[in-house]
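A.B. asks: Can you read through this structure? Questions will come right after.
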Amino acid sequence: MLPKIIERDDLRAFVEALLADNVVVAPIRKGEKYVFSEVETFDEIALDYNISLLSPKKFFYPQIETVLKFKIGDRPESQAITEASPVIIFGIHPCDIAATWLLDEVFKEDPADPNYLEKRKKAVLIGLNCAQPCDEFSFCRDMGSYNVEEGFDLMLTDLGEKYFVEIGSKLGEEILVEGAHFRDATSGDLKDRQAYQEKKETNFVKRIPYDTKFLPEILEESYDSLVWDAIAKRCFSCGSCNIVCPTCYCFNVTDEVAASAAEGERKRVWDSCQLAEFTEVAGGEVFREERSSRLRHRFFRKGKWLLERYGKLGCVGCGRCDRNCLVKINSVEVYTQLAGEPVQ
Amino acid sequence: MTVEEKDRAAAIFKPETGRIVAARMLTETEKFFRVVLDHGGPLGHKPGQFVEVSIFGIGEAPISICSSPTQEDSFEMCVRNVGSVTNAMHQMGAGAEIGLRGPYGNGFDMEAMKGRDVLFVAGGLGMAPARGVIKYVLDKRHDFNIVTILYGAKNPSELLFKEDLEEWQARPDCDFHVTVDRPDDSWKGNTGVITTLFRNISNIDARNAWAVVVGPPVMYKYVILEALSIGIPESRILCSLERRMKCGVGKCGHCQISNVYVCKEGPVFTYSQIKRLREGI
């Protein structure tokens with residue numbers, strides 16, 4: 001579908017039209033940081049946000065989600081819960097769109113997960129392009145997620161007085177009609193978009209000293225490296241890296257019983273492979289007892305195992321893990337050190 | 001499709017229900033359960049598969065099936081009382097209803113073992129999954145060649161399925177050996193770790209035999225070494241690995257080893273696969 005243009009002054013009217021009939025979530029300011037949250041007005045939206053604390057993943061894969069309601073007693077009964085309501089995610093950045101590629105593969109794999117897929121199907125993704133990296137933690141250029149060609153319904157690129165609008169789906173096309181503030185892009189607009197891209201390519205730089213297509217091999221060669229032990233010396237195994245990651249999807253399942261003790265809910269809750277009990281079996285055996293083995297597990301998943309299994313990298317280079325690490329473990333430094341290169 | 005069937009097809013967390021029709025203690029810590037599904041049909045499992053047992057309000061736990069699919073009207077489990085779900089199960093007797101998801105996992109490829117010698121090596125609670133395979137082989141005895149069963153437990157009181165053991169001991173068409181690490185005064189049999197039983201194996205055609213190895217994590221290396229040293233090829237040494245299989249459907253990540261999910265690609269792996277799976281054994 002051919003790209004469109006919306007004038008900067010018309011964006012408000014477009015978003016307000018969306019707000020009138022839909023639940024819209026967008027980046028908003030929260031203290032020093034940004035979060036994706038439901039908005040009621042256009043002015044709440046922080047269009048210039050760099051990165052949100054959690055990715056919009058939480059709207060199709062919530063931190064805590066009821067998957068079953070049950071009745072306790074002599075005749076136990078249960079009912080599957082796969083509720084999903086429509087939501088428009090406005091302002092999602094390319095890296096977080098790229099993160100959905102992996103999640104979609106994981107939850108589509110047989111047996112398909114209706115809890116995720118129903119929510120995903122009902123989520124409209126309106127992307128917002130980035131002209132420059134969020135900060136010194138970003139390595140999205142290395143991970144190939146700083147530009148995305150697919151996975152969005154609409155993608156907005158800020159060209160100053162106007163936004164360049166790429167249409168990624170039939171649904172995206174339908175939303176445009178709703179606003180009716182759009183015109184076809186002219187050759188002049190395309191030139192402006194090209195100039196934006198050229199500037200963008202110089203703004204985003206690679207930070208890992210090798211092409212990440214070699215990441216699986218670099219990791220393979222480094223399985224027994226002492227680098228893992230060296231980094232793990234300062235790792236707290238707190239799991240913050242997992243919780244803020246846009247591609248992490250591991251979960252625990254727990255039961256909650258109502259005060260009546262006659263019924264309750266089974267919930268799926270985000271979990272962390274960095275916690276020792278993650279691999280603990282009933283007999284007490286823990287299969288990744290060493291902190292270094294858990295740290296290594298996370299990096300192997302991100303850079304090798306998920307790629308081998310699903311054809312998608314488990315890391316989009318958003319840098320949230322590093323930004324939130326209590327002891328400043330830095331992925332770019334880890335990947336650099338694994339290749340035997342000096343850390344900058 | 002009825003609403004309930006649709007529900008079941010759509011949701012991976014929706015258990016069906018089954019009724020415990022028999023329950024008894026096998027040892028101080030292990031309890032035996034026979035379950036009939038409420039829908040009346042068979043579980044439809046392969047030997048070596050597992051189910052997620054669901055006790056509403058407490059949670060789910062992966063439990064291996066210890067009966068053979070040749071027994072169609074019900075299936076059986078042997079449950080050690082070690083966690084909250086298994087503790088709740090231990091409070092249950094005949095007539096109680098439980099939730100069940102599954103069967104899950106790949107199970108053993110029984111077709112591939114046809115016509116061959118089969119060597120079973122079971123340690124401790126590993127006899128539970130092994131029993132399902134052994135019973136299958138003995139129920140279809142003419143399909144297999146020499147059947148050898150080696151079983152080891154810490155002490156005589158921890159031996160599971162004593163009636164089955166007596167039957168296997170008595171059967172002329174299977175070679176059964178049992179050992180305990182720590183004998184008591186009444187024990188007259190073999191003493192020592194399970195690998196000491198390998199010297200009792202006779203007449204098997206190791207190059208064409210299959211080994212089925214199930215036991216605690218610490219056992220695998222030693223038993224695989226013995227199996228390899230008598231000449232069983234690594235592609236025919238089958239091990240069932242224990243992991244924390246929380247969802248059973250390859251999503252939750254708990255049972256992941258390298259790029260495989262034990263609940264989906266396993267729990268049965270050949271040693272040729274395991275030697276490439278770091279952290280496997």
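Numbering starts fresh at 1 for the residues of each chain in the structure tokens, the chains themselves are lettered A, B, ... in the order given, and ligands are numbered from 1 as they appear.
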List as JSON lines every residue of chain A that is in contact with chain B, defined as an atom at most 6 Å from one of its atoms (using only C-alpha atoms), together with the nearest atom pair and the distance in Å rounded to one decimal, sorted by chain and then rising number.

C.D. replies:
```
{"residue": "A:Ile72", "atom": "CA", "partner": "B:Phe56", "partner_atom": "CA", "distance": 5.9}
{"residue": "A:Ala80", "atom": "CA", "partner": "B:Lys14", "partner_atom": "CA", "distance": 5.5}
{"residue": "A:Cys250", "atom": "CA", "partner": "B:Cys252", "partner_atom": "CA", "distance": 4.5}
{"residue": "A:Phe251", "atom": "CA", "partner": "B:Cys252", "partner_atom": "CA", "distance": 4.9}
{"residue": "A:Asp255", "atom": "CA", "partner": "B:Gly57", "partner_atom": "CA", "distance": 5.3}
{"residue": "A:Val257", "atom": "CA", "partner": "B:Gly57", "partner_atom": "CA", "distance": 5.5}
{"residue": "A:Thr279", "atom": "CA", "partner": "B:His254", "partner_atom": "CA", "distance": 5.7}
{"residue": "A:Val281", "atom": "CA", "partner": "B:Arg244", "partner_atom": "CA", "distance": 5.0}
{"residue": "A:Ala282", "atom": "CA", "partner": "B:Val82", "partner_atom": "CA", "distance": 5.8}
{"residue": "A:Trp305", "atom": "CA", "partner": "B:Asn259", "partner_atom": "CA", "distance": 4.6}
```

A.B. asks: Just the residues within 12 Å of Asp211 in chain A, please, counting only C-alpha atoms, with nothing from its chain fewer than 5 positions along; format it as a PyMOL selection string.

C.D. replies: chain A and resi 141-144+206+216-218+335-336+339

A.B. asks: Could you write those residues out with all heavy atoms, as a PDB file, in the first residue's frame?

C.D. replies:
```pdb
ATOM      1  N   ARG A 141      20.999  -1.096  16.313  1.00  0.00           N
ATOM      2  CA  ARG A 141      21.578  -1.210  14.978  1.00  0.00           C
ATOM      3  C   ARG A 141      22.274  -2.567  14.833  1.00  0.00           C
ATOM      4  O   ARG A 141      22.156  -3.226  13.801  1.00  0.00           O
ATOM      5  CB  ARG A 141      22.568  -0.068  14.715  1.00  0.00           C
ATOM      6  CG  ARG A 141      23.367  -0.265  13.432  1.00  0.00           C
ATOM      7  CD  ARG A 141      23.212   0.862  12.463  1.00  0.00           C
ATOM      8  NE  ARG A 141      23.576   0.438  11.117  1.00  0.00           N
ATOM      9  CZ  ARG A 141      23.731   1.262  10.103  1.00  0.00           C
ATOM     10  NH1 ARG A 141      23.544   2.557  10.272  1.00  0.00           N
ATOM     11  NH2 ARG A 141      24.031   0.816   8.911  1.00  0.00           N
ATOM     12  N   ASP A 142      22.975  -2.979  15.867  1.00  0.00           N
ATOM     13  CA  ASP A 142      23.646  -4.286  15.824  1.00  0.00           C
ATOM     14  C   ASP A 142      22.627  -5.414  15.665  1.00  0.00           C
ATOM     15  O   ASP A 142      22.882  -6.393  14.983  1.00  0.00           O
ATOM     16  CB  ASP A 142      24.439  -4.519  17.111  1.00  0.00           C
ATOM     17  CG  ASP A 142      25.549  -3.507  17.299  1.00  0.00           C
ATOM     18  OD1 ASP A 142      26.647  -3.750  16.799  1.00  0.00           O
ATOM     19  OD2 ASP A 142      25.292  -2.459  17.920  1.00  0.00           O
ATOM     20  N   MET A 143      21.500  -5.269  16.339  1.00  0.00           N
ATOM     21  CA  MET A 143      20.513  -6.353  16.342  1.00  0.00           C
ATOM     22  C   MET A 143      19.523  -6.228  15.176  1.00  0.00           C
ATOM     23  O   MET A 143      18.588  -7.022  15.061  1.00  0.00           O
ATOM     24  CB  MET A 143      19.757  -6.371  17.676  1.00  0.00           C
ATOM     25  CG  MET A 143      20.648  -6.768  18.836  1.00  0.00           C
ATOM     26  SD  MET A 143      21.322  -8.447  18.608  1.00  0.00           S
ATOM     27  CE  MET A 143      22.569  -8.504  19.875  1.00  0.00           C
ATOM     28  N   GLY A 144      19.726  -5.219  14.350  1.00  0.00           N
ATOM     29  CA  GLY A 144      18.908  -5.096  13.136  1.00  0.00           C
ATOM     30  C   GLY A 144      17.459  -4.719  13.387  1.00  0.00           C
ATOM     31  O   GLY A 144      16.589  -4.998  12.566  1.00  0.00           O
ATOM     32  N   LYS A 206      26.953   0.981  14.934  1.00  0.00           N
ATOM     33  CA  LYS A 206      27.148  -0.360  15.489  1.00  0.00           C
ATOM     34  C   LYS A 206      28.088  -0.264  16.673  1.00  0.00           C
ATOM     35  O   LYS A 206      29.042   0.508  16.663  1.00  0.00           O
ATOM     36  CB  LYS A 206      27.736  -1.277  14.418  1.00  0.00           C
ATOM     37  CG  LYS A 206      26.727  -1.660  13.371  1.00  0.00           C
ATOM     38  CD  LYS A 206      27.171  -2.913  12.643  1.00  0.00           C
ATOM     39  CE  LYS A 206      26.063  -3.328  11.690  1.00  0.00           C
ATOM     40  NZ  LYS A 206      26.313  -4.615  11.053  1.00  0.00           N
ATOM     41  N   PRO A 216      25.681 -16.556  16.996  1.00  0.00           N
ATOM     42  CA  PRO A 216      25.557 -17.970  17.408  1.00  0.00           C
ATOM     43  C   PRO A 216      26.908 -18.669  17.483  1.00  0.00           C
ATOM     44  O   PRO A 216      27.163 -19.435  18.412  1.00  0.00           O
ATOM     45  CB  PRO A 216      24.673 -18.581  16.308  1.00  0.00           C
ATOM     46  CG  PRO A 216      23.876 -17.430  15.790  1.00  0.00           C
ATOM     47  CD  PRO A 216      24.800 -16.235  15.856  1.00  0.00           C
ATOM     48  N   GLU A 217      27.784 -18.393  16.530  1.00  0.00           N
ATOM     49  CA  GLU A 217      29.108 -19.045  16.536  1.00  0.00           C
ATOM     50  C   GLU A 217      29.966 -18.510  17.682  1.00  0.00           C
ATOM     51  O   GLU A 217      30.663 -19.265  18.345  1.00  0.00           O
ATOM     52  CB  GLU A 217      29.835 -18.819  15.201  1.00  0.00           C
ATOM     53  CG  GLU A 217      29.324 -19.689  14.065  1.00  0.00           C
ATOM     54  CD  GLU A 217      28.031 -19.179  13.449  1.00  0.00           C
ATOM     55  OE1 GLU A 217      27.673 -18.001  13.699  1.00  0.00           O
ATOM     56  OE2 GLU A 217      27.363 -19.959  12.743  1.00  0.00           O
ATOM     57  N   ILE A 218      29.919 -17.191  17.878  1.00  0.00           N
ATOM     58  CA  ILE A 218      30.705 -16.596  18.968  1.00  0.00           C
ATOM     59  C   ILE A 218      30.274 -17.226  20.297  1.00  0.00           C
ATOM     60  O   ILE A 218      31.110 -17.599  21.126  1.00  0.00           O
ATOM     61  CB  ILE A 218      30.491 -15.055  19.030  1.00  0.00           C
ATOM     62  CG1 ILE A 218      30.985 -14.385  17.742  1.00  0.00           C
ATOM     63  CG2 ILE A 218      31.113 -14.452  20.284  1.00  0.00           C
ATOM     64  CD1 ILE A 218      32.426 -13.980  17.713  1.00  0.00           C
ATOM     65  N   TYR A 335      29.141  -9.157  24.836  1.00  0.00           N
ATOM     66  CA  TYR A 335      29.364  -9.678  23.484  1.00  0.00           C
ATOM     67  C   TYR A 335      30.765  -9.321  22.978  1.00  0.00           C
ATOM     68  O   TYR A 335      31.370 -10.078  22.222  1.00  0.00           O
ATOM     69  CB  TYR A 335      28.297  -9.135  22.524  1.00  0.00           C
ATOM     70  CG  TYR A 335      26.918  -9.736  22.755  1.00  0.00           C
ATOM     71  CD1 TYR A 335      25.777  -8.936  22.799  1.00  0.00           C
ATOM     72  CD2 TYR A 335      26.761 -11.112  22.927  1.00  0.00           C
ATOM     73  CE1 TYR A 335      24.515  -9.485  23.001  1.00  0.00           C
ATOM     74  CE2 TYR A 335      25.506 -11.670  23.138  1.00  0.00           C
ATOM     75  CZ  TYR A 335      24.386 -10.853  23.177  1.00  0.00           C
ATOM     76  OH  TYR A 335      23.157 -11.404  23.382  1.00  0.00           O
ATOM     77  N   THR A 336      31.258  -8.160  23.396  1.00  0.00           N
ATOM     78  CA  THR A 336      32.596  -7.740  22.996  1.00  0.00           C
ATOM     79  C   THR A 336      33.648  -8.636  23.653  1.00  0.00           C
ATOM     80  O   THR A 336      34.560  -9.144  23.004  1.00  0.00           O
ATOM     81  CB  THR A 336      32.821  -6.268  23.400  1.00  0.00           C
ATOM     82  OG1 THR A 336      31.792  -5.478  22.801  1.00  0.00           O
ATOM     83  CG2 THR A 336      34.177  -5.763  22.939  1.00  0.00           C
ATOM     84  N   ALA A 339      34.168 -12.128  22.338  1.00  0.00           N
ATOM     85  CA  ALA A 339      34.936 -12.240  21.101  1.00  0.00           C
ATOM     86  C   ALA A 339      36.407 -11.944  21.340  1.00  0.00           C
ATOM     87  O   ALA A 339      37.196 -11.888  20.387  1.00  0.00           O
ATOM     88  CB  ALA A 339      34.360 -11.277  20.067  1.00  0.00           C
TER      89      ALA A 339
END
```

A.B. asks: Closest to Pro209 in chain A among A:Ile6, A:Phe107, A:Phe139, A:Ala17, using only C-alpha atoms?

C.D. replies: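 Of A:Ile6, A:Phe107, A:Phe139, A:Ala17, the one nearest Pro209 in chain A is A:Phe139, counting only C-alpha atoms.
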
A.B. asks: Quick one: residues within 9 Å of Ile224 in chain B, only C-alpha atoms, excluding same-chain residues fewer than 4 positions away - as number ranges by chain?

C.D. replies: B: 211, 213, 219-220, 228-229, 234, 237, 239, 271

A.B. asks: Report as a list of chain:residue names all protein, DNA and RNA residues lying within 12 Å of Arg182 in chain B, evaluated on only C-alpha atoms, omitting residues in the same chain fewer than 5 positions from it.

C.D. replies: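 Close residues of Arg182 in chain B: B:Gly152, B:Ala153, B:Lys154, B:Asn155, B:Pro156, B:Ser157, B:Glu158, B:Leu159, B:Trp187, B:Lys188, B:Gly189, B:Asn190, B:Thr191, B:Gly192, B:Val193, B:Ile194.
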
A.B. asks: Limited to all heavy atoms, could you put the picked residues into a file as a compact mmCIF listing (two decimals), in the first residue's frame?

C.D. replies:
```txt
# COMPACT_ATOMS: atom_id res chain seq x y z
N GLY B 152 17.58 -50.48 40.74
CA GLY B 152 18.32 -50.18 41.97
C GLY B 152 17.57 -49.17 42.82
O GLY B 152 16.94 -48.25 42.29
N ALA B 153 17.63 -49.38 44.14
CA ALA B 153 17.02 -48.42 45.06
C ALA B 153 17.99 -48.21 46.22
O ALA B 153 18.93 -48.99 46.39
CB ALA B 153 15.69 -48.94 45.57
N LYS B 154 17.74 -47.13 46.96
CA LYS B 154 18.65 -46.84 48.08
C LYS B 154 18.60 -47.97 49.11
O LYS B 154 19.61 -48.47 49.54
CB LYS B 154 18.27 -45.52 48.74
CG LYS B 154 18.87 -44.31 48.04
CD LYS B 154 18.88 -43.10 48.99
CE LYS B 154 19.19 -41.83 48.21
NZ LYS B 154 18.03 -40.97 48.03
N ASN B 155 17.39 -48.35 49.51
CA ASN B 155 17.27 -49.44 50.48
C ASN B 155 16.00 -50.25 50.19
O ASN B 155 15.14 -49.79 49.42
CB ASN B 155 17.28 -48.89 51.92
CG ASN B 155 16.20 -47.85 52.12
OD1 ASN B 155 15.02 -48.16 51.97
ND2 ASN B 155 16.61 -46.62 52.43
N PRO B 156 15.88 -51.43 50.78
CA PRO B 156 14.75 -52.32 50.42
C PRO B 156 13.39 -51.67 50.62
O PRO B 156 12.46 -51.93 49.84
CB PRO B 156 14.94 -53.52 51.35
CG PRO B 156 16.39 -53.52 51.68
CD PRO B 156 16.80 -52.09 51.72
N SER B 157 13.25 -50.80 51.60
CA SER B 157 11.93 -50.22 51.86
C SER B 157 11.52 -49.22 50.77
O SER B 157 10.37 -48.82 50.69
CB SER B 157 11.91 -49.54 53.23
OG SER B 157 12.74 -48.39 53.18
N GLU B 158 12.48 -48.80 49.94
CA GLU B 158 12.15 -47.84 48.88
C GLU B 158 11.83 -48.52 47.55
O GLU B 158 11.57 -47.85 46.56
CB GLU B 158 13.30 -46.84 48.69
CG GLU B 158 13.37 -45.85 49.84
CD GLU B 158 14.42 -44.77 49.65
OE1 GLU B 158 14.89 -44.58 48.50
OE2 GLU B 158 14.78 -44.13 50.66
N LEU B 159 11.87 -49.84 47.52
CA LEU B 159 11.55 -50.53 46.27
C LEU B 159 10.06 -50.35 45.94
O LEU B 159 9.20 -50.55 46.80
CB LEU B 159 11.87 -52.03 46.39
CG LEU B 159 13.36 -52.38 46.41
CD1 LEU B 159 13.56 -53.83 46.81
CD2 LEU B 159 14.01 -52.10 45.06
N TRP B 187 17.44 -58.26 53.94
CA TRP B 187 17.78 -58.26 52.51
C TRP B 187 18.74 -59.38 52.14
O TRP B 187 19.81 -59.51 52.71
CB TRP B 187 18.37 -56.90 52.12
CG TRP B 187 18.67 -56.77 50.66
CD1 TRP B 187 19.91 -56.75 50.08
CD2 TRP B 187 17.73 -56.65 49.58
NE1 TRP B 187 19.79 -56.61 48.73
CE2 TRP B 187 18.47 -56.56 48.38
CE3 TRP B 187 16.33 -56.61 49.53
CZ2 TRP B 187 17.86 -56.42 47.14
CZ3 TRP B 187 15.73 -56.48 48.29
CH2 TRP B 187 16.48 -56.40 47.11
N LYS B 188 18.34 -60.20 51.17
CA LYS B 188 19.18 -61.34 50.77
C LYS B 188 19.77 -61.13 49.37
O LYS B 188 20.55 -61.96 48.91
CB LYS B 188 18.33 -62.63 50.75
CG LYS B 188 17.57 -62.92 52.05
CD LYS B 188 18.25 -64.00 52.83
CE LYS B 188 17.52 -64.43 54.09
NZ LYS B 188 16.95 -63.35 54.89
N GLY B 189 19.35 -60.06 48.72
CA GLY B 189 19.73 -59.89 47.32
C GLY B 189 21.04 -59.14 47.13
O GLY B 189 21.88 -59.04 48.03
N ASN B 190 21.19 -58.57 45.92
CA ASN B 190 22.41 -57.83 45.56
C ASN B 190 22.51 -56.54 46.37
O ASN B 190 21.53 -55.91 46.69
CB ASN B 190 22.37 -57.44 44.08
CG ASN B 190 22.35 -58.64 43.17
OD1 ASN B 190 23.29 -59.42 43.16
ND2 ASN B 190 21.25 -58.80 42.45
N THR B 191 23.75 -56.18 46.63
CA THR B 191 24.01 -54.92 47.32
C THR B 191 25.01 -54.13 46.48
O THR B 191 25.96 -54.71 45.95
CB THR B 191 24.62 -55.20 48.71
OG1 THR B 191 23.67 -55.98 49.44
CG2 THR B 191 24.88 -53.91 49.45
N GLY B 192 24.76 -52.84 46.39
CA GLY B 192 25.67 -51.99 45.61
C GLY B 192 24.89 -51.09 44.67
O GLY B 192 23.68 -51.25 44.51
N VAL B 193 25.59 -50.16 44.05
CA VAL B 193 24.93 -49.24 43.13
C VAL B 193 24.50 -49.98 41.87
O VAL B 193 24.97 -51.09 41.60
CB VAL B 193 25.84 -48.03 42.76
CG1 VAL B 193 26.07 -47.16 43.99
CG2 VAL B 193 27.15 -48.50 42.16
N ILE B 194 23.63 -49.35 41.11
CA ILE B 194 22.99 -50.05 39.99
C ILE B 194 23.97 -50.55 38.94
O ILE B 194 23.74 -51.59 38.32
CB ILE B 194 21.88 -49.17 39.38
CG1 ILE B 194 21.02 -50.01 38.43
CG2 ILE B 194 22.46 -47.97 38.65
CD1 ILE B 194 19.66 -49.49 38.20
```

A.B. asks: Which of range 114-210 of chain A end up as alpha helix (DSSP H) when DSSP is run on this backbone - answer as an mmCIF file with N, CA and C atoms, in the first residue's frame?

C.D. replies:
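File written: part.cif
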```
data_model
loop_
_atom_site.group_PDB
_atom_site.id
_atom_site.type_symbol
_atom_site.label_atom_id
_atom_site.label_comp_id
_atom_site.auth_asym_id
_atom_site.auth_seq_id
_atom_site.Cartn_x
_atom_site.Cartn_y
_atom_site.Cartn_z
ATOM 1 N N PRO A 114 -3.913 -19.358 22.981
ATOM 2 C CA PRO A 114 -4.981 -18.407 22.671
ATOM 3 C C PRO A 114 -4.943 -17.164 23.551
ATOM 4 N N ASN A 115 -4.388 -17.289 24.772
ATOM 5 C CA ASN A 115 -4.344 -16.119 25.649
ATOM 6 C C ASN A 115 -3.516 -15.003 25.028
ATOM 7 N N TYR A 116 -2.392 -15.363 24.453
ATOM 8 C CA TYR A 116 -1.556 -14.378 23.781
ATOM 9 C C TYR A 116 -2.147 -13.978 22.426
ATOM 10 N N LEU A 117 -2.478 -14.989 21.636
ATOM 11 C CA LEU A 117 -2.848 -14.712 20.242
ATOM 12 C C LEU A 117 -4.129 -13.885 20.117
ATOM 13 N N GLU A 118 -5.091 -14.126 21.016
ATOM 14 C CA GLU A 118 -6.332 -13.340 20.962
ATOM 15 C C GLU A 118 -6.040 -11.864 21.231
ATOM 16 N N LYS A 119 -5.206 -11.619 22.229
ATOM 17 C CA LYS A 119 -4.869 -10.228 22.572
ATOM 18 C C LYS A 119 -4.068 -9.588 21.449
ATOM 19 N N ARG A 120 -3.170 -10.365 20.909
ATOM 20 C CA ARG A 120 -2.295 -9.857 19.842
ATOM 21 C C ARG A 120 -3.127 -9.475 18.615
ATOM 22 N N LYS A 121 -4.105 -10.346 18.313
ATOM 23 C CA LYS A 121 -4.952 -10.119 17.148
ATOM 24 C C LYS A 121 -5.764 -8.833 17.301
ATOM 25 N N LYS A 170 -3.990 -4.259 6.245
ATOM 26 C CA LYS A 170 -5.336 -3.869 5.845
ATOM 27 C C LYS A 170 -5.994 -3.052 6.971
ATOM 28 N N LEU A 171 -5.751 -3.519 8.197
ATOM 29 C CA LEU A 171 -6.306 -2.837 9.365
ATOM 30 C C LEU A 171 -5.779 -1.409 9.443
ATOM 31 N N GLY A 172 -4.492 -1.253 9.162
ATOM 32 C CA GLY A 172 -3.877 0.071 9.176
ATOM 33 C C GLY A 172 -4.561 0.992 8.178
ATOM 34 N N GLU A 173 -4.861 0.436 7.016
ATOM 35 C CA GLU A 173 -5.518 1.216 5.964
ATOM 36 C C GLU A 173 -6.903 1.675 6.438
ATOM 37 N N GLU A 174 -7.607 0.785 7.127
ATOM 38 C CA GLU A 174 -8.951 1.115 7.606
ATOM 39 C C GLU A 174 -8.928 2.223 8.653
ATOM 40 N N ILE A 175 -7.907 2.217 9.502
ATOM 41 C CA ILE A 175 -7.810 3.251 10.541
ATOM 42 C C ILE A 175 -7.598 4.626 9.924
ATOM 43 N N LEU A 176 -6.837 4.635 8.828
ATOM 44 C CA LEU A 176 -6.568 5.913 8.153
ATOM 45 C C LEU A 176 -7.860 6.579 7.716
ATOM 46 N N VAL A 177 -8.755 5.792 7.207
ATOM 47 C CA VAL A 177 -10.034 6.321 6.726
ATOM 48 C C VAL A 177 -10.778 7.004 7.866
ATOM 49 N N GLU A 178 -10.674 6.374 9.038
ATOM 50 C CA GLU A 178 -11.333 6.914 10.220
ATOM 51 C C GLU A 178 -10.932 8.367 10.483
ATOM 52 N N GLY A 179 -9.644 8.657 10.324
ATOM 53 C CA GLY A 179 -9.153 10.009 10.593
ATOM 54 C C GLY A 179 -9.423 10.961 9.430
ATOM 55 N N SER A 187 6.281 12.682 -4.635
ATOM 56 C CA SER A 187 7.701 12.366 -4.813
ATOM 57 C C SER A 187 8.554 13.248 -3.895
ATOM 58 N N GLY A 188 8.079 14.450 -3.636
ATOM 59 C CA GLY A 188 8.790 15.338 -2.702
ATOM 60 C C GLY A 188 8.805 14.761 -1.299
ATOM 61 N N ASP A 189 7.671 14.193 -0.870
ATOM 62 C CA ASP A 189 7.592 13.572 0.458
ATOM 63 C C ASP A 189 8.543 12.381 0.548
ATOM 64 N N LEU A 190 8.565 11.596 -0.541
ATOM 65 C CA LEU A 190 9.450 10.430 -0.554
ATOM 66 C C LEU A 190 10.914 10.849 -0.433
ATOM 67 N N LYS A 191 11.244 11.970 -1.051
ATOM 68 C CA LYS A 191 12.623 12.491 -0.961
ATOM 69 C C LYS A 191 12.936 12.901 0.475
ATOM 70 N N ASP A 192 11.961 13.525 1.125
ATOM 71 C CA ASP A 192 12.159 13.932 2.522
ATOM 72 C C ASP A 192 12.340 12.708 3.412
ATOM 73 N N ARG A 193 11.570 11.677 3.114
ATOM 74 C CA ARG A 193 11.676 10.433 3.885
ATOM 75 C C ARG A 193 13.057 9.805 3.685
ATOM 76 N N GLN A 194 13.546 9.892 2.439
ATOM 77 C CA GLN A 194 14.864 9.354 2.107
ATOM 78 C C GLN A 194 15.963 10.118 2.858
ATOM 79 N N ALA A 195 15.793 11.449 2.920
ATOM 80 C CA ALA A 195 16.782 12.279 3.625
ATOM 81 C C ALA A 195 16.790 11.923 5.115
ATOM 82 N N TYR A 196 15.585 11.711 5.666
ATOM 83 C CA TYR A 196 15.463 11.297 7.075
ATOM 84 C C TYR A 196 16.234 10.004 7.304
ATOM 85 N N GLN A 197 16.043 9.069 6.367
ATOM 86 C CA GLN A 197 16.677 7.759 6.505
ATOM 87 C C GLN A 197 18.195 7.879 6.454
ATOM 88 N N GLU A 198 18.681 8.719 5.548
ATOM 89 C CA GLU A 198 20.131 8.860 5.429
ATOM 90 C C GLU A 198 20.729 9.417 6.715
ATOM 91 N N LYS A 199 20.030 10.414 7.285
ATOM 92 C CA LYS A 199 20.458 11.007 8.556
ATOM 93 C C LYS A 199 20.422 9.931 9.655
ATOM 94 N N LYS A 200 19.319 9.164 9.638
ATOM 95 C CA LYS A 200 19.144 8.122 10.656
ATOM 96 C C LYS A 200 20.284 7.107 10.609
ATOM 97 N N GLU A 201 20.665 6.726 9.379
ATOM 98 C CA GLU A 201 21.721 5.717 9.232
ATOM 99 C C GLU A 201 23.037 6.202 9.840
ATOM 100 N N THR A 202 23.267 7.520 9.820
ATOM 101 C CA THR A 202 24.504 8.019 10.428
ATOM 102 C C THR A 202 24.353 8.173 11.942
ATOM 103 N N ASN A 203 23.124 8.387 12.393
ATOM 104 C CA ASN A 203 22.902 8.550 13.838
ATOM 105 C C ASN A 203 23.029 7.240 14.614
#
```

A.B. asks: Which residue is closest to Phe108 in chain B? Choose from B:Gly248, B:Gly132, B:Pro172, B:Pro42 and count only C-alpha atoms.

C.D. replies: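 Result for the nearest residue to Phe108 in chain B: B:Gly132.
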
A.B. asks: Please run DSSP on the backbone and report, as a ChimeraX atom specification, all residues within range 44-232 of chain A that come out as strand (DSSP E or B).

C.D. replies: /A:52,64-71,77-80,87-92,123-128,154-158,162-167,182-184

A.B. asks: Which value, in Å to one decimal, gives the distance between CA of Val106 in chain A and CA of Glu166 in chain A?

C.D. replies: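 So the answer is 26.7 Å.
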
A.B. asks: Just the number, please: distance in Å from CA of Val51 in chain B to CA of Pro103 in chain B, one decimal.

C.D. replies: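 Going from CA of Val51 in chain B over to CA of Pro103 in chain B, I get 4.9 Å.
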
A.B. asks: For CA of Asp184 in chain A and CA of Gly127 in chain A, quote the distance in Å rounded to one decimal.

C.D. replies: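 Here the two named atoms are 18.6 Å from each other.
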
A.B. asks: Could you give me, as a VMD selection string, the residues within 10 Å of Lys122 in chain A, counting only C-alpha atoms and dropping anything in the same chain fewer than 6 positions from it?

C.D. replies: chain A and resid 60 84 to 88

A.B. asks: Do you know which residues are at most 10 Å from Arg199 in chain B counting only C-alpha atoms, after dropping those on the same chain fewer than 4 positions away, and could you put them as a list of chain:residue names?

C.D. replies: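 So, after excluding close chain neighbours, the residues are B:Thr195, B:Glu226, B:Ile230.
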